[in-house]
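Listing of structure_15.pdb; format and content: PDB, C-alpha atoms, pLDDT in the B column.
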ATOM      1  CA  MET A 294     189.379 -29.788 184.841  1.00 71.00           C
ATOM      2  CA  GLU A 295     186.079 -28.124 185.692  1.00 83.00           C
ATOM      3  CA  PRO A 296     186.148 -24.296 185.680  1.00 87.00           C
ATOM      4  CA  ARG A 297     185.041 -22.448 188.779  1.00 89.00           C
ATOM      5  CA  LEU A 298     182.709 -20.374 186.640  1.00 90.00           C
ATOM      6  CA  GLY A 299     181.658 -20.571 183.033  1.00 91.00           C
ATOM      7  CA  ARG A 300     183.405 -22.973 180.677  1.00 91.00           C
ATOM      8  CA  GLY A 301     186.805 -23.827 179.281  1.00 89.00           C
ATOM      9  CA  PHE A 302     188.090 -23.537 175.746  1.00 90.00           C
ATOM     10  CA  ARG A 303     186.384 -25.350 172.893  1.00 89.00           C
ATOM     11  CA  GLU A 304     188.398 -27.182 170.279  1.00 85.00           C
ATOM     12  CA  ASP A 305     187.308 -24.835 167.505  1.00 88.00           C
ATOM     13  CA  GLU A 306     188.569 -21.790 169.460  1.00 88.00           C
ATOM     14  CA  ASP A 307     192.173 -22.849 168.895  1.00 83.00           C
ATOM     15  CA  GLN A 308     192.086 -23.474 165.136  1.00 83.00           C
ATOM     16  CA  VAL A 309     192.550 -20.082 163.475  1.00 84.00           C
ATOM     17  CA  PRO A 310     195.248 -17.681 164.758  1.00 80.00           C
ATOM     18  CA  GLY A 311     193.768 -14.428 166.037  1.00 80.00           C
ATOM     19  CA  ARG A 312     190.112 -15.354 165.434  1.00 86.00           C
ATOM     20  CA  ASP A 313     188.684 -16.308 168.841  1.00 87.00           C
ATOM     21  CA  ALA A 314     189.545 -13.690 171.454  1.00 90.00           C
ATOM     22  CA  VAL A 315     188.355 -15.551 174.551  1.00 93.00           C
ATOM     23  CA  VAL A 316     189.965 -15.703 177.975  1.00 93.00           C
ATOM     24  CA  VAL A 317     189.699 -17.749 181.164  1.00 92.00           C
ATOM     25  CA  LEU A 318     190.590 -15.735 184.252  1.00 93.00           C
ATOM     26  CA  GLY A 319     192.801 -17.032 187.039  1.00 90.00           C
ATOM     27  CA  PRO A 320     191.112 -17.269 190.463  1.00 90.00           C
ATOM     28  CA  ALA A 321     193.376 -14.690 192.154  1.00 89.00           C
ATOM     29  CA  PHE A 322     193.002 -12.225 189.267  1.00 91.00           C
ATOM     30  CA  TRP A 323     189.229 -12.698 189.340  1.00 92.00           C
ATOM     31  CA  GLU A 324     189.087 -12.035 193.095  1.00 91.00           C
ATOM     32  CA  HIS A 325     191.377  -8.993 193.090  1.00 90.00           C
ATOM     33  CA  GLU A 326     190.348  -7.233 189.885  1.00 90.00           C
ATOM     34  CA  PHE A 327     186.668  -8.192 189.703  1.00 91.00           C
ATOM     35  CA  SER A 328     185.840  -8.647 193.423  1.00 89.00           C
ATOM     36  CA  SER A 329     184.764 -12.256 192.783  1.00 89.00           C
ATOM     37  CA  ASP A 330     181.873 -11.048 190.642  1.00 90.00           C
ATOM     38  CA  PRO A 331     180.099 -14.100 189.144  1.00 89.00           C
ATOM     39  CA  GLY A 332     178.696 -11.856 186.407  1.00 91.00           C
ATOM     40  CA  VAL A 333     182.119 -11.440 184.838  1.00 91.00           C
ATOM     41  CA  VAL A 334     181.412 -14.343 182.463  1.00 92.00           C
ATOM     42  CA  GLY A 335     180.437 -12.882 179.107  1.00 92.00           C
ATOM     43  CA  ARG A 336     182.005  -9.513 179.820  1.00 93.00           C
ATOM     44  CA  GLN A 337     184.624  -8.043 177.503  1.00 92.00           C
ATOM     45  CA  ILE A 338     187.991  -6.941 178.873  1.00 91.00           C
ATOM     46  CA  ARG A 339     190.903  -5.319 177.062  1.00 90.00           C
ATOM     47  CA  LEU A 340     194.250  -7.105 177.182  1.00 88.00           C
ATOM     48  CA  ASN A 341     197.285  -5.692 175.400  1.00 85.00           C
ATOM     49  CA  GLY A 342     195.115  -3.604 173.107  1.00 85.00           C
ATOM     50  CA  THR A 343     192.731  -6.422 172.160  1.00 87.00           C
ATOM     51  CA  ASN A 344     189.188  -7.025 173.427  1.00 91.00           C
ATOM     52  CA  PHE A 345     188.687 -10.482 174.938  1.00 93.00           C
ATOM     53  CA  THR A 346     185.459 -12.128 176.028  1.00 93.00           C
ATOM     54  CA  VAL A 347     185.592 -13.759 179.457  1.00 94.00           C
ATOM     55  CA  ILE A 348     184.244 -17.303 179.178  1.00 94.00           C
ATOM     56  CA  GLY A 349     185.183 -18.705 182.586  1.00 93.00           C
ATOM     57  CA  VAL A 350     187.252 -18.652 185.768  1.00 93.00           C
ATOM     58  CA  ALA A 351     189.864 -21.343 186.470  1.00 90.00           C
ATOM     59  CA  PRO A 352     189.626 -23.321 189.746  1.00 89.00           C
ATOM     60  CA  GLU A 353     192.088 -22.744 192.572  1.00 83.00           C
ATOM     61  CA  THR A 354     193.216 -26.384 192.365  1.00 79.00           C
ATOM     62  CA  PHE A 355     194.711 -25.865 188.893  1.00 78.00           C
ATOM     63  CA  PRO A 356     198.455 -25.206 189.427  1.00 68.00           C
ATOM     64  CA  GLY A 357     199.273 -24.086 185.910  1.00 70.00           C
ATOM     65  CA  MET A 358     202.696 -24.514 184.324  1.00 68.00           C
ATOM     66  CA  LEU A 359     204.581 -22.388 186.851  1.00 67.00           C
ATOM     67  CA  ILE A 360     206.009 -23.238 190.279  1.00 61.00           C
ATOM     68  CA  PHE A 361     206.185 -19.925 192.118  1.00 63.00           C
ATOM     69  CA  GLY A 362     203.202 -18.177 190.593  1.00 69.00           C
ATOM     70  CA  HIS A 363     199.926 -18.627 188.787  1.00 77.00           C
ATOM     71  CA  PRO A 364     198.927 -16.817 185.576  1.00 84.00           C
ATOM     72  CA  ASP A 365     196.323 -14.086 185.799  1.00 88.00           C
ATOM     73  CA  PHE A 366     194.501 -15.452 182.760  1.00 90.00           C
ATOM     74  CA  TYR A 367     194.612 -18.139 180.076  1.00 89.00           C
ATOM     75  CA  VAL A 368     194.056 -17.684 176.335  1.00 89.00           C
ATOM     76  CA  PRO A 369     194.051 -20.134 173.412  1.00 88.00           C
ATOM     77  CA  LEU A 370     197.393 -20.766 171.760  1.00 82.00           C
ATOM     78  CA  ALA A 371     195.977 -19.284 168.580  1.00 82.00           C
ATOM     79  CA  MET A 372     195.777 -15.908 170.390  1.00 84.00           C
ATOM     80  CA  ALA A 373     199.382 -16.010 171.592  1.00 77.00           C
ATOM     81  CA  ARG A 374     200.531 -13.522 168.970  1.00 76.00           C
ATOM     82  CA  VAL A 375     198.605 -10.767 170.785  1.00 78.00           C
ATOM     83  CA  PHE A 376     201.020 -10.918 173.727  1.00 76.00           C
ATOM     84  CA  PHE A 377     204.341 -11.967 172.145  1.00 68.00           C
ATOM     85  CA  ASP A 378     207.014 -10.068 170.261  1.00 59.00           C
ATOM     86  CA  GLN A 379     207.589 -10.440 166.548  1.00 56.00           C
ATOM     87  CA  SER A 380     209.855 -13.492 166.835  1.00 52.00           C
ATOM     88  CA  ALA A 381     207.356 -15.347 168.996  1.00 52.00           C
ATOM     89  CA  LYS A 382     204.526 -14.517 166.615  1.00 53.00           C
ATOM     90  CA  GLU A 383     206.119 -16.843 164.084  1.00 56.00           C
ATOM     91  CA  VAL A 384     205.245 -19.898 166.188  1.00 56.00           C
ATOM     92  CA  PHE A 385     202.769 -21.072 163.555  1.00 56.00           C
ATOM     93  CA  ARG A 386     204.807 -20.111 160.505  1.00 57.00           C
ATOM     94  CA  ARG A 387     208.142 -21.460 161.730  1.00 57.00           C
ATOM     95  CA  PRO A 388     207.320 -24.301 164.128  1.00 54.00           C
ATOM     96  CA  ARG A 389     210.888 -25.629 163.971  1.00 54.00           C
ATOM     97  CA  ARG A 390     211.978 -22.803 166.252  1.00 55.00           C
ATOM     98  CA  SER A 391     209.261 -23.493 168.809  1.00 61.00           C
ATOM     99  CA  ARG A 392     208.594 -25.929 171.604  1.00 67.00           C
ATOM    100  CA  ILE A 393     205.102 -26.381 172.978  1.00 71.00           C
ATOM    101  CA  GLU A 394     204.332 -27.767 176.426  1.00 72.00           C
ATOM    102  CA  CYS A 395     200.831 -28.801 177.448  1.00 75.00           C
ATOM    103  CA  GLN A 396     199.149 -30.528 180.377  1.00 73.00           C
ATOM    104  CA  SER A 397     196.590 -33.311 180.434  1.00 74.00           C
ATOM    105  CA  ALA A 398     194.795 -35.221 183.180  1.00 71.00           C
ATOM    106  CA  LEU A 399     195.584 -38.951 183.235  1.00 72.00           C
ATOM    107  CA  GLU A 400     194.163 -41.255 185.875  1.00 70.00           C
ATOM    108  CA  THR A 401     196.507 -44.251 185.715  1.00 69.00           C
ATOM    109  CA  ALA A 402     200.082 -45.081 184.794  1.00 65.00           C
ATOM    110  CA  HIS A 403     198.726 -47.289 181.990  1.00 70.00           C
ATOM    111  CA  GLN A 404     197.183 -44.221 180.363  1.00 77.00           C
ATOM    112  CA  LEU A 405     200.532 -42.455 180.687  1.00 77.00           C
ATOM    113  CA  ALA A 406     202.285 -45.223 178.746  1.00 78.00           C
ATOM    114  CA  ALA A 407     199.505 -45.351 176.161  1.00 81.00           C
ATOM    115  CA  SER A 408     199.680 -41.583 175.661  1.00 82.00           C
ATOM    116  CA  ALA A 409     203.458 -41.769 175.205  1.00 81.00           C
ATOM    117  CA  ASN A 410     203.076 -44.433 172.526  1.00 83.00           C
ATOM    118  CA  GLU A 411     200.367 -42.450 170.764  1.00 84.00           C
ATOM    119  CA  LEU A 412     202.424 -39.271 170.732  1.00 84.00           C
ATOM    120  CA  THR A 413     205.430 -41.174 169.408  1.00 84.00           C
ATOM    121  CA  VAL A 414     203.375 -42.403 166.465  1.00 85.00           C
ATOM    122  CA  LEU A 415     202.033 -38.902 165.797  1.00 84.00           C
ATOM    123  CA  ALA A 416     205.527 -37.416 165.910  1.00 82.00           C
ATOM    124  CA  LYS A 417     206.786 -39.977 163.386  1.00 84.00           C
ATOM    125  CA  ASN A 418     203.837 -39.217 161.104  1.00 84.00           C
ATOM    126  CA  PHE A 419     204.595 -35.501 161.273  1.00 79.00           C
ATOM    127  CA  GLU A 420     208.239 -36.156 160.509  1.00 80.00           C
ATOM    128  CA  ARG A 421     207.288 -38.262 157.509  1.00 81.00           C
ATOM    129  CA  GLU A 422     204.715 -35.792 156.161  1.00 80.00           C
ATOM    130  CA  TYR A 423     206.709 -32.620 156.907  1.00 76.00           C
ATOM    131  CA  PRO A 424     210.375 -33.664 156.876  1.00 77.00           C
ATOM    132  CA  GLN A 425     211.771 -30.148 156.517  1.00 75.00           C
ATOM    133  CA  VAL A 426     210.040 -28.907 159.649  1.00 70.00           C
ATOM    134  CA  ASN A 427     209.938 -31.985 161.888  1.00 72.00           C
ATOM    135  CA  ARG A 428     213.179 -33.733 161.062  1.00 74.00           C
ATOM    136  CA  SER A 429     214.907 -35.064 164.213  1.00 74.00           C
ATOM    137  CA  ARG A 430     212.086 -33.737 166.347  1.00 75.00           C
ATOM    138  CA  GLY A 431     209.650 -35.713 168.468  1.00 75.00           C
ATOM    139  CA  ALA A 432     207.239 -35.695 171.380  1.00 79.00           C
ATOM    140  CA  ALA A 433     207.515 -36.991 174.924  1.00 79.00           C
ATOM    141  CA  VAL A 434     205.171 -37.510 177.857  1.00 80.00           C
ATOM    142  CA  ARG A 435     206.359 -36.526 181.320  1.00 77.00           C
ATOM    143  CA  THR A 436     204.703 -36.330 184.706  1.00 76.00           C
ATOM    144  CA  GLN A 437     204.303 -32.968 186.384  1.00 71.00           C
ATOM    145  CA  PHE A 438     207.052 -33.822 188.858  1.00 72.00           C
ATOM    146  CA  GLU A 439     209.448 -34.752 186.063  1.00 73.00           C
ATOM    147  CA  MET A 440     208.753 -31.514 184.214  1.00 70.00           C
ATOM    148  CA  ARG A 441     209.279 -29.352 187.281  1.00 68.00           C
ATOM    149  CA  THR A 442     212.536 -31.054 188.241  1.00 69.00           C
ATOM    150  CA  ARG A 443     214.166 -31.351 184.835  1.00 67.00           C
ATOM    151  CA  ASP A 444     217.728 -30.136 184.460  1.00 61.00           C
ATOM    152  CA  ASP A 445     216.952 -27.253 182.102  1.00 60.00           C
ATOM    153  CA  ASP A 446     214.458 -25.711 184.542  1.00 60.00           C
ATOM    154  CA  GLY A 447     216.225 -24.007 187.422  1.00 61.00           C
ATOM    155  CA  ASN A 448     213.067 -23.001 189.284  1.00 65.00           C
ATOM    156  CA  TRP A 449     212.929 -26.223 191.279  1.00 69.00           C
ATOM    157  CA  LYS A 450     216.430 -25.527 192.628  1.00 75.00           C
ATOM    158  CA  PHE A 451     215.177 -22.294 194.147  1.00 75.00           C
ATOM    159  CA  GLY A 452     212.318 -24.266 195.652  1.00 75.00           C
ATOM    160  CA  VAL A 453     214.770 -26.653 197.310  1.00 80.00           C
ATOM    161  CA  ILE A 454     216.743 -23.694 198.682  1.00 86.00           C
ATOM    162  CA  PHE A 455     213.584 -22.140 200.137  1.00 85.00           C
ATOM    163  CA  VAL A 456     212.621 -25.449 201.759  1.00 87.00           C
ATOM    164  CA  ILE A 457     216.068 -25.754 203.336  1.00 92.00           C
ATOM    165  CA  LEU A 458     215.866 -22.190 204.644  1.00 93.00           C
ATOM    166  CA  ALA A 459     212.388 -22.850 206.058  1.00 90.00           C
ATOM    167  CA  LEU A 460     213.637 -25.996 207.812  1.00 93.00           C
ATOM    168  CA  ALA A 461     216.577 -24.050 209.236  1.00 94.00           C
ATOM    169  CA  VAL A 462     214.261 -21.366 210.618  1.00 93.00           C
ATOM    170  CA  LEU A 463     212.009 -24.075 212.055  1.00 88.00           C
ATOM    171  CA  LEU A 464     215.003 -25.747 213.706  1.00 92.00           C
ATOM    172  CA  VAL A 465     216.076 -22.463 215.308  1.00 93.00           C
ATOM    173  CA  ALA A 466     212.553 -21.822 216.561  1.00 87.00           C
ATOM    174  CA  CYS A 467     212.273 -25.342 217.998  1.00 85.00           C
ATOM    175  CA  THR A 468     215.641 -24.943 219.729  1.00 90.00           C
ATOM    176  CA  ASN A 469     214.506 -21.678 221.321  1.00 88.00           C
ATOM    177  CA  VAL A 470     211.244 -23.209 222.511  1.00 82.00           C
ATOM    178  CA  ALA A 471     213.089 -26.230 223.907  1.00 82.00           C
ATOM    179  CA  GLY A 472     215.408 -23.910 225.814  1.00 85.00           C
ATOM    180  CA  LEU A 473     212.465 -22.011 227.287  1.00 82.00           C
ATOM    181  CA  LEU A 474     210.796 -25.251 228.372  1.00 78.00           C
ATOM    182  CA  LEU A 475     214.001 -26.499 230.000  1.00 79.00           C
ATOM    183  CA  SER A 476     214.479 -23.233 231.895  1.00 81.00           C
ATOM    184  CA  ARG A 477     210.867 -23.379 233.030  1.00 78.00           C
ATOM    185  CA  ALA A 478     211.345 -26.987 234.158  1.00 75.00           C
ATOM    186  CA  ARG A 479     214.326 -25.960 236.311  1.00 77.00           C
ATOM    187  CA  ALA A 480     212.216 -23.235 237.889  1.00 78.00           C
ATOM    188  CA  ARG A 481     209.557 -25.850 238.727  1.00 80.00           C
ATOM    189  CA  THR A 482     211.936 -28.193 240.554  1.00 82.00           C
ATOM    190  CA  ARG A 483     210.367 -27.344 243.923  1.00 84.00           C
ATOM    191  CA  GLU A 484     206.856 -27.899 242.553  1.00 83.00           C
ATOM    192  CA  ILE A 485     207.811 -31.322 241.147  1.00 81.00           C
ATOM    193  CA  ALA A 486     209.446 -32.289 244.449  1.00 85.00           C
ATOM    194  CA  VAL A 487     206.263 -31.396 246.338  1.00 85.00           C
ATOM    195  CA  ARG A 488     204.140 -33.430 243.933  1.00 84.00           C
ATOM    196  CA  LEU A 489     206.428 -36.439 244.404  1.00 84.00           C
ATOM    197  CA  ALA A 490     206.267 -35.999 248.184  1.00 86.00           C
ATOM    198  CA  ILE A 491     202.478 -36.097 248.271  1.00 87.00           C
ATOM    199  CA  GLY A 492     202.354 -39.320 246.239  1.00 85.00           C
ATOM    200  CA  ALA A 493     202.360 -38.341 242.548  1.00 83.00           C
ATOM    201  CA  GLY A 494     203.974 -41.019 240.409  1.00 84.00           C
ATOM    202  CA  ARG A 495     206.607 -40.410 237.754  1.00 82.00           C
ATOM    203  CA  PHE A 496     204.195 -41.400 234.989  1.00 86.00           C
ATOM    204  CA  ARG A 497     201.690 -38.833 236.251  1.00 85.00           C
ATOM    205  CA  LEU A 498     204.350 -36.096 236.188  1.00 82.00           C
ATOM    206  CA  VAL A 499     205.473 -37.044 232.678  1.00 83.00           C
ATOM    207  CA  ARG A 500     201.857 -36.990 231.525  1.00 87.00           C
ATOM    208  CA  LEU A 501     201.409 -33.530 233.076  1.00 84.00           C
ATOM    209  CA  LEU A 502     204.465 -32.116 231.302  1.00 80.00           C
ATOM    210  CA  LEU A 503     203.494 -33.679 227.961  1.00 84.00           C
ATOM    211  CA  THR A 504     199.967 -32.308 228.256  1.00 87.00           C
ATOM    212  CA  GLU A 505     201.284 -28.809 228.889  1.00 82.00           C
ATOM    213  CA  SER A 506     203.617 -29.092 225.887  1.00 80.00           C
ATOM    214  CA  LEU A 507     200.795 -30.328 223.622  1.00 84.00           C
ATOM    215  CA  ILE A 508     198.530 -27.474 224.701  1.00 85.00           C
ATOM    216  CA  LEU A 509     201.316 -25.004 223.934  1.00 78.00           C
ATOM    217  CA  GLN A 510     201.838 -26.629 220.535  1.00 78.00           C
ATOM    218  CA  PHE A 511     198.115 -26.469 219.759  1.00 80.00           C
ATOM    219  CA  TRP A 512     197.860 -22.745 220.462  1.00 79.00           C
ATOM    220  CA  ALA A 513     200.984 -22.175 218.370  1.00 74.00           C
ATOM    221  CA  ASP A 514     199.807 -24.245 215.391  1.00 74.00           C
ATOM    222  CA  TRP A 515     196.103 -23.643 214.947  1.00 73.00           C
ATOM    223  CA  PRO A 516     196.253 -20.028 213.580  1.00 70.00           C
ATOM    224  CA  GLY A 517     198.352 -21.102 210.592  1.00 65.00           C
ATOM    225  CA  SER A 518     196.868 -24.550 210.023  1.00 66.00           C
ATOM    226  CA  PRO A 519     194.007 -23.477 207.666  1.00 66.00           C
ATOM    227  CA  SER A 520     196.433 -21.591 205.423  1.00 60.00           C
ATOM    228  CA  VAL A 521     198.872 -24.514 205.295  1.00 58.00           C
ATOM    229  CA  TRP A 522     196.091 -26.991 204.550  1.00 57.00           C
ATOM    230  CA  ARG A 523     194.784 -24.791 201.742  1.00 54.00           C
ATOM    231  CA  ARG A 524     198.202 -24.673 200.102  1.00 51.00           C
ATOM    232  CA  CYS A 525     198.953 -28.367 200.534  1.00 48.00           C
ATOM    233  CA  VAL A 526     195.777 -29.788 199.011  1.00 44.00           C
ATOM    234  CA  VAL A 527     196.697 -32.094 196.134  1.00 42.00           C
ATOM    235  CA  PRO A 528     195.422 -30.477 192.924  1.00 41.00           C
ATOM    236  CA  GLN A 529     192.892 -32.456 190.926  1.00 38.00           C
ATOM    237  CA  PHE A 530     193.146 -31.617 187.211  1.00 36.00           C
TER     238      PHE A 530
END

Written form, structure tokens:
Amino acid sequence: MEPRLGRGFREDEDQVPGRDAVVVLGPAFWEHEFSSDPGVVGRQIRLNGTNFTVIGVAPETFPGMLIFGHPDFYVPLAMARVFFDQSAKEVFRRPRRSRIECQSALETAHQLAASANELTVLAKNFEREYPQVNRSRGAAVRTQFEMRTRDDDGNWKFGVIFVILALAVLLVACTNVAGLLLSRARARTREIAVRLAIGAGRFRLVRLLLTESLILQFWADWPGSPSVWRRCVVPQF
């Protein structure tokens, strides 16, 4: 994933808890709070009482780990204790109580299977080296769709409900428009009869009515098309 501005996190910035106070801003947070200022990279901002150095801005195509929202900023896992309560601060001291989810870009299904095998080996090594902490624990690789539709995550159910409601509203709107077109067609009975009398064929009349409907659809659709296209672009990360 290429940042919109600046850079992402380096490997060494996630090694020591609390050492590297760096942050990558979300695109919406960068636009609203910093007016899309490209000079924000390198600036220090204060988050939860701690000064962080801005090192980059995330691209709009990065969906994050959430479904209905995007984080305002991203920090290394080693800086998580700045924002969590006391129990969550023990993520490094008591890893048995914690579960970590991460994302990675894989190009092919073969790489997905290879990554799953590699993580399985690593999990077994951890269990063998640290049996008290990693006993009966492992690692798994899932696609983004599988993670967002798993049984223990109820967010996707709300998404399905919203889609159903949107389809219902669309159906009502289409029914209303169809009723208006039918009433207009009844009012144009005399006009259609005159056209048939002067030699217009049925195909020509059907083409006329379809053209009028398509023009109406175009003027109804084009204002919202850019917004829909922007939201439906497949994220590349």

task = Tell me, as a ChimeraX atom specification, which residues lie within 7 Å of region 300-317 of chain A, counting all atoms listed in the file; anything in the same chain fewer than 4 positions away does not count.
result = /A:296,344-351,366-372

ask   = So which one's closest to Gln437 (chain A), A:Pro352, A:Gly342, A:Gly332, A:Gly357? Using all atoms listed in the file, please.
value = A:Gly357

message = Can you measure CA of Ser408 (chain A) to CA of Arg435 (chain A) for me? One decimal in Å is fine.
response = 10.1 Å

Å distance separating CA of Gln510 (chain A) from CA of Val462 (chain A), one decimal place =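 CA of Val462 (chain A) lies 16.7 Å from CA of Gln510 (chain A).
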
query = Mind telling me what the PyMOL selection byres ((chain A and resi 434) around 10) catches here, as a list in words?
reply =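 In the shown coordinates, the PyMOL selection byres ((chain A and resi 434) around 10) covers Glu394, Cys395, Gln396, Ser397, Leu405, Ala406, Ala407, Ser408, Ala409, Asn410, Glu411, Leu412, Thr413, Ala432, Ala433, Arg435, Thr436, Gln437, Glu439 and Met440 of chain A.
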